[in-house]
>>> print(open('final.txt').read())   # compact mmCIF, C-alpha atoms
# COMPACT_ATOMS: atom_id res chain seq x y z
CA MET V 1 -11.65 -3.55 18.37
CA SER V 2 -9.83 -6.81 17.65
CA ARG V 3 -6.05 -6.84 17.54
CA ALA V 4 -6.29 -10.33 16.07
CA ALA V 5 -8.25 -8.89 13.11
CA LEU V 6 -5.49 -6.32 12.62
CA LEU V 7 -2.91 -9.10 12.48
CA VAL V 8 -4.96 -10.99 9.89
CA LEU V 9 -5.36 -7.90 7.71
CA ALA V 10 -1.69 -6.93 7.93
CA ASP V 11 -0.43 -10.49 7.36
CA GLY V 12 1.46 -10.81 4.10
CA ARG V 13 -0.36 -14.10 3.54
CA PHE V 14 -3.75 -12.38 3.40
CA PRO V 15 -4.81 -13.29 -0.17
CA ALA V 16 -4.99 -9.78 -1.60
CA GLY V 17 -2.29 -10.12 -4.27
CA GLY V 18 0.35 -7.86 -2.76
CA HIS V 19 3.06 -10.56 -2.94
CA ALA V 20 3.22 -10.10 -6.73
CA HIS V 21 4.21 -6.42 -6.48
CA SER V 22 7.54 -4.86 -5.54
CA GLY V 23 6.34 -1.31 -4.86
CA GLY V 24 8.87 0.10 -7.30
CA ALA V 25 11.79 -1.89 -5.89
CA GLU V 26 12.35 -3.98 -9.02
CA PRO V 27 13.16 -1.02 -11.33
CA ALA V 28 15.17 0.56 -8.50
CA VAL V 29 17.28 -2.59 -8.23
CA GLU V 30 17.71 -2.70 -12.00
CA ALA V 31 18.84 0.93 -12.04
CA GLY V 32 21.36 0.31 -9.24
CA ARG V 33 19.59 2.51 -6.69
CA ILE V 34 19.09 -0.46 -4.33
CA ARG V 35 22.21 -2.59 -3.88
CA ASN V 36 22.19 -3.45 -0.18
CA ALA V 37 20.29 -3.10 3.10
CA GLU V 38 21.30 0.55 3.52
CA ASP V 39 19.88 1.42 0.11
CA LEU V 40 16.73 -0.54 0.90
CA ALA V 41 16.24 1.46 4.09
CA ALA V 42 16.59 4.75 2.19
CA PHE V 43 14.15 3.58 -0.49
CA CYS V 44 11.59 2.43 2.07
CA ARG V 45 11.91 5.63 4.09
CA GLY V 46 11.31 7.75 1.00
CA ARG V 47 8.33 5.68 -0.10
CA LEU V 48 6.84 5.69 3.40
CA ASN V 49 6.93 9.48 3.73
CA THR V 50 5.48 10.18 0.29
CA THR V 51 3.09 7.71 -1.31
CA GLY V 52 2.87 5.78 1.96
CA LEU V 53 1.57 8.78 3.87
CA THR V 54 -0.91 9.61 1.11
CA THR V 55 -2.36 6.11 0.80
CA ALA V 56 -2.40 5.56 4.56
CA ALA V 57 -4.51 8.71 4.96
CA ILE V 58 -6.95 7.52 2.29
CA ALA V 59 -7.31 4.16 4.02
CA ALA V 60 -7.77 5.85 7.39
CA ALA V 61 -10.45 8.11 5.90
CA ALA V 62 -12.35 5.10 4.55
CA ALA V 63 -12.12 3.39 7.93
CA HIS V 64 -13.37 6.63 9.52
CA GLY V 65 -16.52 6.44 7.40
CA LEU V 66 -15.90 9.08 4.72
CA ASP V 67 -17.53 8.59 1.31
CA PRO V 68 -15.60 5.75 -0.41
CA LEU V 69 -16.49 6.93 -3.92
CA ALA V 70 -15.19 10.42 -3.17
CA LEU V 71 -12.09 8.85 -1.66
CA ASP V 72 -11.64 6.74 -4.79
CA GLU V 73 -11.66 9.94 -6.86
CA ALA V 74 -9.19 11.51 -4.43
CA ALA V 75 -6.90 8.50 -4.82
CA ASP V 76 -7.14 8.77 -8.61
CA ALA V 77 -6.14 12.45 -8.45
CA ARG V 78 -3.14 11.55 -6.29
CA THR V 79 -1.92 8.82 -8.65
CA PRO V 80 -0.61 10.51 -11.81
CA SER V 81 0.88 7.35 -13.32
CA PRO V 82 -1.62 5.37 -15.45
CA ALA V 83 0.35 2.20 -14.68
CA LEU V 84 0.07 2.75 -10.93
CA ARG V 85 -3.62 3.62 -11.19
CA ALA V 86 -4.18 0.31 -12.96
CA VAL V 87 -2.17 -1.52 -10.30
CA ALA V 88 -4.08 0.18 -7.47
CA ARG V 89 -7.43 -0.84 -8.94
CA LYS V 90 -6.28 -4.40 -9.64
CA LEU V 91 -5.07 -4.76 -6.07
CA GLY V 92 -8.31 -3.18 -4.87
CA ARG V 93 -10.31 -5.73 -6.82
CA GLN V 94 -8.27 -8.60 -5.37
CA MET V 95 -8.55 -7.23 -1.85
CA MET V 96 -12.29 -6.80 -2.28
CA ARG V 97 -12.68 -10.51 -3.03
CA ALA V 98 -10.66 -11.50 0.03
CA ALA V 99 -12.35 -8.92 2.25
CA ARG V 100 -15.91 -9.88 1.32
CA ALA V 101 -15.12 -13.53 1.98
CA THR V 102 -13.57 -12.67 5.36
CA TRP V 103 -15.57 -9.72 6.71
CA PRO V 104 -18.66 -9.27 4.50
CA SER V 105 -20.40 -5.91 4.94
CA PRO V 106 -22.99 -3.76 3.12
CA GLU V 107 -20.37 -1.02 2.59
CA LEU V 108 -17.99 -3.40 0.84
CA ALA V 109 -20.84 -4.79 -1.27
CA ALA V 110 -21.93 -1.27 -2.28
CA LEU V 111 -18.40 -0.27 -3.30
CA ALA V 112 -17.93 -3.49 -5.27
CA GLN V 113 -21.14 -2.75 -7.16
CA ALA V 114 -20.19 0.87 -7.82
CA ARG V 115 -16.63 0.00 -8.91
CA PRO V 116 -16.87 -3.43 -10.60
CA ARG V 117 -13.40 -3.01 -12.14
CA GLY V 118 -11.93 -2.26 -8.76
CA ALA V 119 -11.62 0.72 -6.44
CA HIS V 120 -8.21 1.93 -5.32
CA GLN V 121 -6.64 -0.54 -2.91
CA PRO V 122 -6.32 1.81 0.11
CA VAL V 123 -10.02 2.67 -0.12
CA VAL V 124 -10.91 -1.02 -0.07
CA LEU V 125 -8.45 -1.68 2.74
CA GLY V 126 -9.97 1.11 4.83
CA LEU V 127 -13.48 -0.25 4.34
CA THR V 128 -12.19 -3.74 5.15
CA ALA V 129 -10.69 -2.46 8.39
CA ARG V 130 -14.03 -0.83 9.21
CA ALA V 131 -15.88 -4.09 8.50
CA ALA V 132 -13.42 -5.93 10.76
CA GLY V 133 -14.15 -3.54 13.63
CA LEU V 134 -10.83 -1.69 13.30
CA GLY V 135 -10.27 2.05 13.42
CA PRO V 136 -8.56 4.66 11.22
CA GLU V 137 -5.22 4.29 13.01
CA ASP V 138 -5.28 0.54 12.40
CA ALA V 139 -5.98 1.01 8.68
CA ALA V 140 -3.18 3.58 8.46
CA HIS V 141 -0.75 1.22 10.19
CA CYS V 142 -1.65 -1.57 7.74
CA VAL V 143 -0.91 0.64 4.74
CA ALA V 144 2.25 2.10 6.24
CA TYR V 145 3.55 -1.40 6.95
CA GLU V 146 2.77 -2.79 3.50
CA THR V 147 4.38 0.31 1.95
CA VAL V 148 7.76 -0.86 3.24
CA SER V 149 7.29 -4.60 3.70
CA GLY V 150 6.46 -5.16 0.03
CA PRO V 151 9.73 -3.65 -1.26
CA ALA V 152 11.72 -5.37 1.49
CA THR V 153 10.34 -8.79 0.57
CA ALA V 154 10.93 -8.11 -3.13
CA VAL V 155 14.54 -7.06 -2.60
CA VAL V 156 15.27 -10.30 -0.73
CA ARG V 157 14.27 -12.13 -3.91
CA LEU V 158 15.80 -9.71 -6.39
CA LEU V 159 19.20 -9.34 -4.74
CA SER V 160 19.30 -12.50 -2.62
CA LEU V 161 19.57 -10.06 0.29
CA ASN V 162 19.88 -11.71 3.67
CA PRO V 163 16.30 -11.81 5.01
CA PHE V 164 17.60 -11.02 8.50
CA GLU V 165 18.97 -7.75 7.14
CA ALA V 166 15.70 -6.93 5.39
CA THR V 167 13.73 -7.61 8.58
CA ALA V 168 16.13 -5.42 10.54
CA VAL V 169 15.41 -2.59 8.10
CA LEU V 170 11.69 -2.90 8.82
CA ALA V 171 12.26 -3.06 12.58
CA ARG V 172 14.36 0.11 12.55
CA LEU V 173 11.68 1.91 10.58
CA ALA V 174 9.04 1.11 13.22
CA PRO V 175 9.06 4.56 14.88
CA GLU V 176 8.59 6.21 11.48
CA LEU V 177 5.77 3.80 10.65
CA ASP V 178 4.00 4.85 13.84
CA ARG V 179 4.53 8.54 13.10
CA VAL V 180 3.24 8.28 9.53
CA ALA V 181 0.21 6.25 10.63
CA GLU V 182 -0.64 8.81 13.32
CA GLN V 183 -0.24 11.69 10.86
CA ALA V 184 -2.42 9.91 8.29
CA ALA V 185 -5.17 9.16 10.82
CA ALA V 186 -5.17 12.76 12.05
CA ALA V 187 -5.58 14.04 8.50
CA ALA V 188 -8.44 11.60 7.88
CA ARG V 189 -10.37 13.03 10.82
CA SER V 190 -10.23 16.48 9.18
CA GLY V 191 -12.02 15.44 5.98
CA ILE V 192 -11.14 14.68 2.37
CA ASP V 193 -9.82 18.17 1.62
CA ALA V 194 -7.23 17.75 4.39
CA LEU V 195 -5.80 14.49 3.05
CA PRO V 196 -2.11 14.70 2.12
CA ALA V 197 -1.01 14.55 -1.50
CA ALA V 198 2.68 13.76 -1.08
CA SER V 199 4.15 12.20 -4.20
CA ALA V 200 7.27 10.44 -5.47
CA PRO V 201 7.73 11.40 -9.14
CA LEU V 202 10.59 8.95 -9.69
CA LEU V 203 8.33 6.07 -8.65
CA ASP V 204 5.75 7.27 -11.18
CA ILE V 205 8.34 7.49 -13.96
CA THR V 206 9.90 4.10 -13.25
CA ALA V 207 6.45 2.49 -12.94
CA GLU V 208 5.62 3.52 -16.49
CA ALA V 209 8.93 2.11 -17.77
CA HIS V 210 8.57 -1.08 -15.72
CA ALA V 211 5.08 -1.73 -17.12
CA ALA V 212 6.63 -1.98 -20.60
CA TRP V 213 9.36 -4.46 -19.68
CA PRO V 214 8.98 -7.68 -21.71
CA VAL V 215 10.34 -9.76 -18.79
CA ARG V 216 9.89 -8.92 -15.11
CA LEU V 217 9.68 -10.79 -11.85
CA PHE V 218 7.01 -8.56 -10.28
CA ALA V 219 3.81 -7.05 -11.67
CA SER V 220 4.83 -3.58 -10.48
>>> encode(input="final.txt", output="structure tokens")
Amino acid sequence: MSRAALLVLADGRFPAGGHAHSGGAEPAVEAGRIRNAEDLAAFCRGRLNTTGLTTAAIAAAAAHGLDPLALDEAADARTPSPALRAVARKLGRQMMRAARATWPSPELAALAQARPRGAHQPVVLGLTARAAGLGPEDAAHCVAYETVSGPATAVVRLLSLNPFEATAVLARLAPELDRVAEQAAAAARSGIDALPAASAPLLDITAEAHAAWPVRLFAS
């Protein structure tokens, strides 16, 4: 197992398209629910323990070797918002391109052929981790980290928040990131039926509204 590969996969500069998405932070800022670092921490904590846990478990399950097509269906069932389903598949398609160029594998090629319009991003990320020689816990940590780092980066741009404050938010969430990743990996080892289905209805609602905005800084 290569820790260097984990750093490459978790790096925000990995060309998988995540930089264009705010993870729901843009509509939250517009609605006044995120105004400062304290609000950002609360938003990230809520996202981490709901959709973050769910997607981290799906990624861990893919890294564990469970059927990626069945996992893709499980991800669909856990994503009630059509806008977020479209985003997840677009990000999955972008990650697939980067992953196959970086760590080509028969499993990635088979999924790309079966889902030409894109599989859900956490499924692709889990298979990418597997191709890179990483384990379920590593895949879960990647997803847990991007669950909070995406909104934090977006809020720096949206509010001109001090980046030191945003980074401090992420650092203070580290123990919760570890806990969520461990919980997700444990669920993945128990099979698809044991995967969590925690949700955040407000994120689903605001995602649908955000998708209809005529002007927006982020794609989601």
>>> closest_residue(input="final.txt", among="V:Pro106, V:Gly126, V:Gly23, V:Pro136", to="V:Leu48", atoms="all atoms listed in the file")
V:Gly23
>>> residues_around(input="final.txt", residues="V:Gln121", least_positions_apart="2", cutoff="8 Å", atoms="only C-alpha atoms", output="list in words")
Ala88, Arg89, Lys90, Leu91, Gly92, Arg93, Met95, Ala119, Val123, Val124 and Leu125 of chain V
>>> residues_around(input="final.txt", residues="V:Trp103", least_positions_apart="5", cutoff="8 Å", atoms="all atoms listed in the file", output="list in words")
Thr128, Ala131 and Ala132 of chain V
>>> residues_around(input="final.txt", residues="stretch 196-201 of chain V", least_positions_apart="3", cutoff="7 Å", atoms="all atoms listed in the file", output="PyMOL selection string")
chain V and resi 50-51+54+78+204-205
>>> residues_around(input="final.txt", residues="stretch 10-12 of chain V", least_positions_apart="5", cutoff="12 Å", atoms="all atoms listed in the file", output="list in words")
Arg3, Ala4, Ala5, Gly17, Gly18, His19, Ala20, His21, Met95, Leu125, Gly126, Thr128, Ala129, Leu134, Asp138, Ala139, Ala140, His141, Cys142, Val143, Ala144, Tyr145, Glu146, Thr147, Val148, Ser149, Gly150, Ala152 and Thr153 of chain V
>>> atom_distance(input="final.txt", atom1="atom CA of V:Ala219", atom2="atom CA of V:Gly52")
18.7 Å
>>> residues_around(input="final.txt", residues="stretch 166-175 of chain V", least_positions_apart="3", cutoff="9 Å", atoms="all atoms listed in the file", output="JSON list (two decimals) with C-alpha atoms, in the frame of the given file")
[["chain", "number", "residue", "atom", "x", "y", "z"],
["V", 37, "ALA", "CA", 20.29, -3.10, 3.10],
["V", 38, "GLU", "CA", 21.30, 0.55, 3.52],
["V", 40, "LEU", "CA", 16.73, -0.54, 0.90],
["V", 41, "ALA", "CA", 16.24, 1.46, 4.09],
["V", 44, "CYS", "CA", 11.59, 2.43, 2.07],
["V", 45, "ARG", "CA", 11.91, 5.63, 4.09],
["V", 145, "TYR", "CA", 3.55, -1.40, 6.95],
["V", 148, "VAL", "CA", 7.76, -0.86, 3.24],
["V", 149, "SER", "CA", 7.29, -4.60, 3.70],
["V", 152, "ALA", "CA", 11.72, -5.37, 1.49],
["V", 153, "THR", "CA", 10.34, -8.79, 0.57],
["V", 155, "VAL", "CA", 14.54, -7.06, -2.60],
["V", 156, "VAL", "CA", 15.27, -10.30, -0.73],
["V", 161, "LEU", "CA", 19.57, -10.06, 0.29],
["V", 162, "ASN", "CA", 19.88, -11.71, 3.67],
["V", 163, "PRO", "CA", 16.30, -11.81, 5.01],
["V", 178, "ASP", "CA", 4.00, 4.85, 13.84],
["V", 179, "ARG", "CA", 4.53, 8.54, 13.10],
["V", 180, "VAL", "CA", 3.24, 8.28, 9.53]]
>>> closest_residue(input="final.txt", among="V:Val215, V:Arg157, V:His64, V:Ala110", to="V:Ala25", atoms="all atoms listed in the file")
V:Arg157
>>> residues_near_point(input="final.txt", point="(7.0, 2.4, -14.2)", cutoff="9 Å", atoms="all atoms listed in the file", output="list in words")
Gly24, Pro27, Ser81, Ala83, Leu84, Leu202, Leu203, Asp204, Ile205, Thr206, Ala207, Glu208, Ala209, His210, Ala211, Ala212 and Ser220 of chain V
>>> atom_distance(input="final.txt", atom1="atom CA of V:Val8", atom2="atom CA of V:Ala62")
18.5 Å
>>> atom_distance(input="final.txt", atom1="atom CA of V:Ile58", atom2="atom CA of V:Pro116")
19.6 Å
>>> closest_residue(input="final.txt", among="V:Arg85, V:Phe43, V:Ala60, V:Arg13", to="V:Glu26", atoms="only C-alpha atoms")
V:Phe43
>>> closest_residue(input="final.txt", among="V:Leu127, V:Val87, V:Val29, V:Met96", to="V:Gly65", atoms="only C-alpha atoms")
V:Leu127
>>> decode(input="final.txt", residues="stretch 143-157 of chain V", atoms="N, CA, C and O atoms", output="PDB file, in the first residue's frame")
ATOM      1  N   VAL V 143     -12.816  10.288   0.540  1.00  0.00           N
ATOM      2  CA  VAL V 143     -14.169  10.844   0.390  1.00  0.00           C
ATOM      3  C   VAL V 143     -14.517  11.739   1.579  1.00  0.00           C
ATOM      4  O   VAL V 143     -15.083  12.823   1.412  1.00  0.00           O
ATOM      5  N   ALA V 144     -14.199  11.278   2.772  1.00  0.00           N
ATOM      6  CA  ALA V 144     -14.497  12.091   3.954  1.00  0.00           C
ATOM      7  C   ALA V 144     -13.796  13.439   3.871  1.00  0.00           C
ATOM      8  O   ALA V 144     -14.387  14.486   4.180  1.00  0.00           O
ATOM      9  N   TYR V 145     -12.541  13.426   3.427  1.00  0.00           N
ATOM     10  CA  TYR V 145     -11.798  14.688   3.325  1.00  0.00           C
ATOM     11  C   TYR V 145     -12.393  15.601   2.265  1.00  0.00           C
ATOM     12  O   TYR V 145     -12.590  16.806   2.503  1.00  0.00           O
ATOM     13  N   GLU V 146     -12.712  15.071   1.093  1.00  0.00           N
ATOM     14  CA  GLU V 146     -13.248  15.933   0.035  1.00  0.00           C
ATOM     15  C   GLU V 146     -14.654  16.429   0.392  1.00  0.00           C
ATOM     16  O   GLU V 146     -15.078  17.482  -0.084  1.00  0.00           O
ATOM     17  N   THR V 147     -15.369  15.694   1.247  1.00  0.00           N
ATOM     18  CA  THR V 147     -16.691  16.123   1.699  1.00  0.00           C
ATOM     19  C   THR V 147     -16.634  17.464   2.415  1.00  0.00           C
ATOM     20  O   THR V 147     -17.566  18.273   2.320  1.00  0.00           O
ATOM     21  N   VAL V 148     -15.546  17.708   3.138  1.00  0.00           N
ATOM     22  CA  VAL V 148     -15.429  18.966   3.882  1.00  0.00           C
ATOM     23  C   VAL V 148     -14.467  19.957   3.221  1.00  0.00           C
ATOM     24  O   VAL V 148     -14.647  21.173   3.352  1.00  0.00           O
ATOM     25  N   SER V 149     -13.468  19.456   2.509  1.00  0.00           N
ATOM     26  CA  SER V 149     -12.501  20.375   1.912  1.00  0.00           C
ATOM     27  C   SER V 149     -13.107  21.150   0.747  1.00  0.00           C
ATOM     28  O   SER V 149     -12.765  22.328   0.528  1.00  0.00           O
ATOM     29  N   GLY V 150     -14.017  20.529   0.010  1.00  0.00           N
ATOM     30  CA  GLY V 150     -14.677  21.223  -1.102  1.00  0.00           C
ATOM     31  C   GLY V 150     -15.448  22.449  -0.630  1.00  0.00           C
ATOM     32  O   GLY V 150     -15.231  23.567  -1.134  1.00  0.00           O
ATOM     33  N   PRO V 151     -16.375  22.290   0.345  1.00  0.00           N
ATOM     34  CA  PRO V 151     -17.076  23.457   0.868  1.00  0.00           C
ATOM     35  C   PRO V 151     -16.140  24.499   1.490  1.00  0.00           C
ATOM     36  O   PRO V 151     -16.360  25.709   1.335  1.00  0.00           O
ATOM     37  N   ALA V 152     -15.107  24.046   2.182  1.00  0.00           N
ATOM     38  CA  ALA V 152     -14.190  25.002   2.814  1.00  0.00           C
ATOM     39  C   ALA V 152     -13.489  25.863   1.774  1.00  0.00           C
ATOM     40  O   ALA V 152     -13.387  27.094   1.917  1.00  0.00           O
ATOM     41  N   THR V 153     -13.011  25.240   0.708  1.00  0.00           N
ATOM     42  CA  THR V 153     -12.357  25.987  -0.368  1.00  0.00           C
ATOM     43  C   THR V 153     -13.330  26.943  -1.036  1.00  0.00           C
ATOM     44  O   THR V 153     -12.985  28.096  -1.355  1.00  0.00           O
ATOM     45  N   ALA V 154     -14.567  26.473  -1.239  1.00  0.00           N
ATOM     46  CA  ALA V 154     -15.576  27.319  -1.892  1.00  0.00           C
ATOM     47  C   ALA V 154     -15.910  28.541  -1.046  1.00  0.00           C
ATOM     48  O   ALA V 154     -16.046  29.654  -1.564  1.00  0.00           O
ATOM     49  N   VAL V 155     -16.024  28.349   0.261  1.00  0.00           N
ATOM     50  CA  VAL V 155     -16.396  29.461   1.140  1.00  0.00           C
ATOM     51  C   VAL V 155     -15.283  30.505   1.194  1.00  0.00           C
ATOM     52  O   VAL V 155     -15.559  31.707   1.332  1.00  0.00           O
ATOM     53  N   VAL V 156     -14.046  30.102   1.072  1.00  0.00           N
ATOM     54  CA  VAL V 156     -12.949  31.081   0.999  1.00  0.00           C
ATOM     55  C   VAL V 156     -13.185  32.019  -0.177  1.00  0.00           C
ATOM     56  O   VAL V 156     -12.983  33.237  -0.071  1.00  0.00           O
ATOM     57  N   ARG V 157     -13.628  31.470  -1.290  1.00  0.00           N
ATOM     58  CA  ARG V 157     -13.880  32.291  -2.479  1.00  0.00           C
ATOM     59  C   ARG V 157     -15.188  33.070  -2.360  1.00  0.00           C
ATOM     60  O   ARG V 157     -15.256  34.238  -2.748  1.00  0.00           O
TER      61      ARG V 157
END
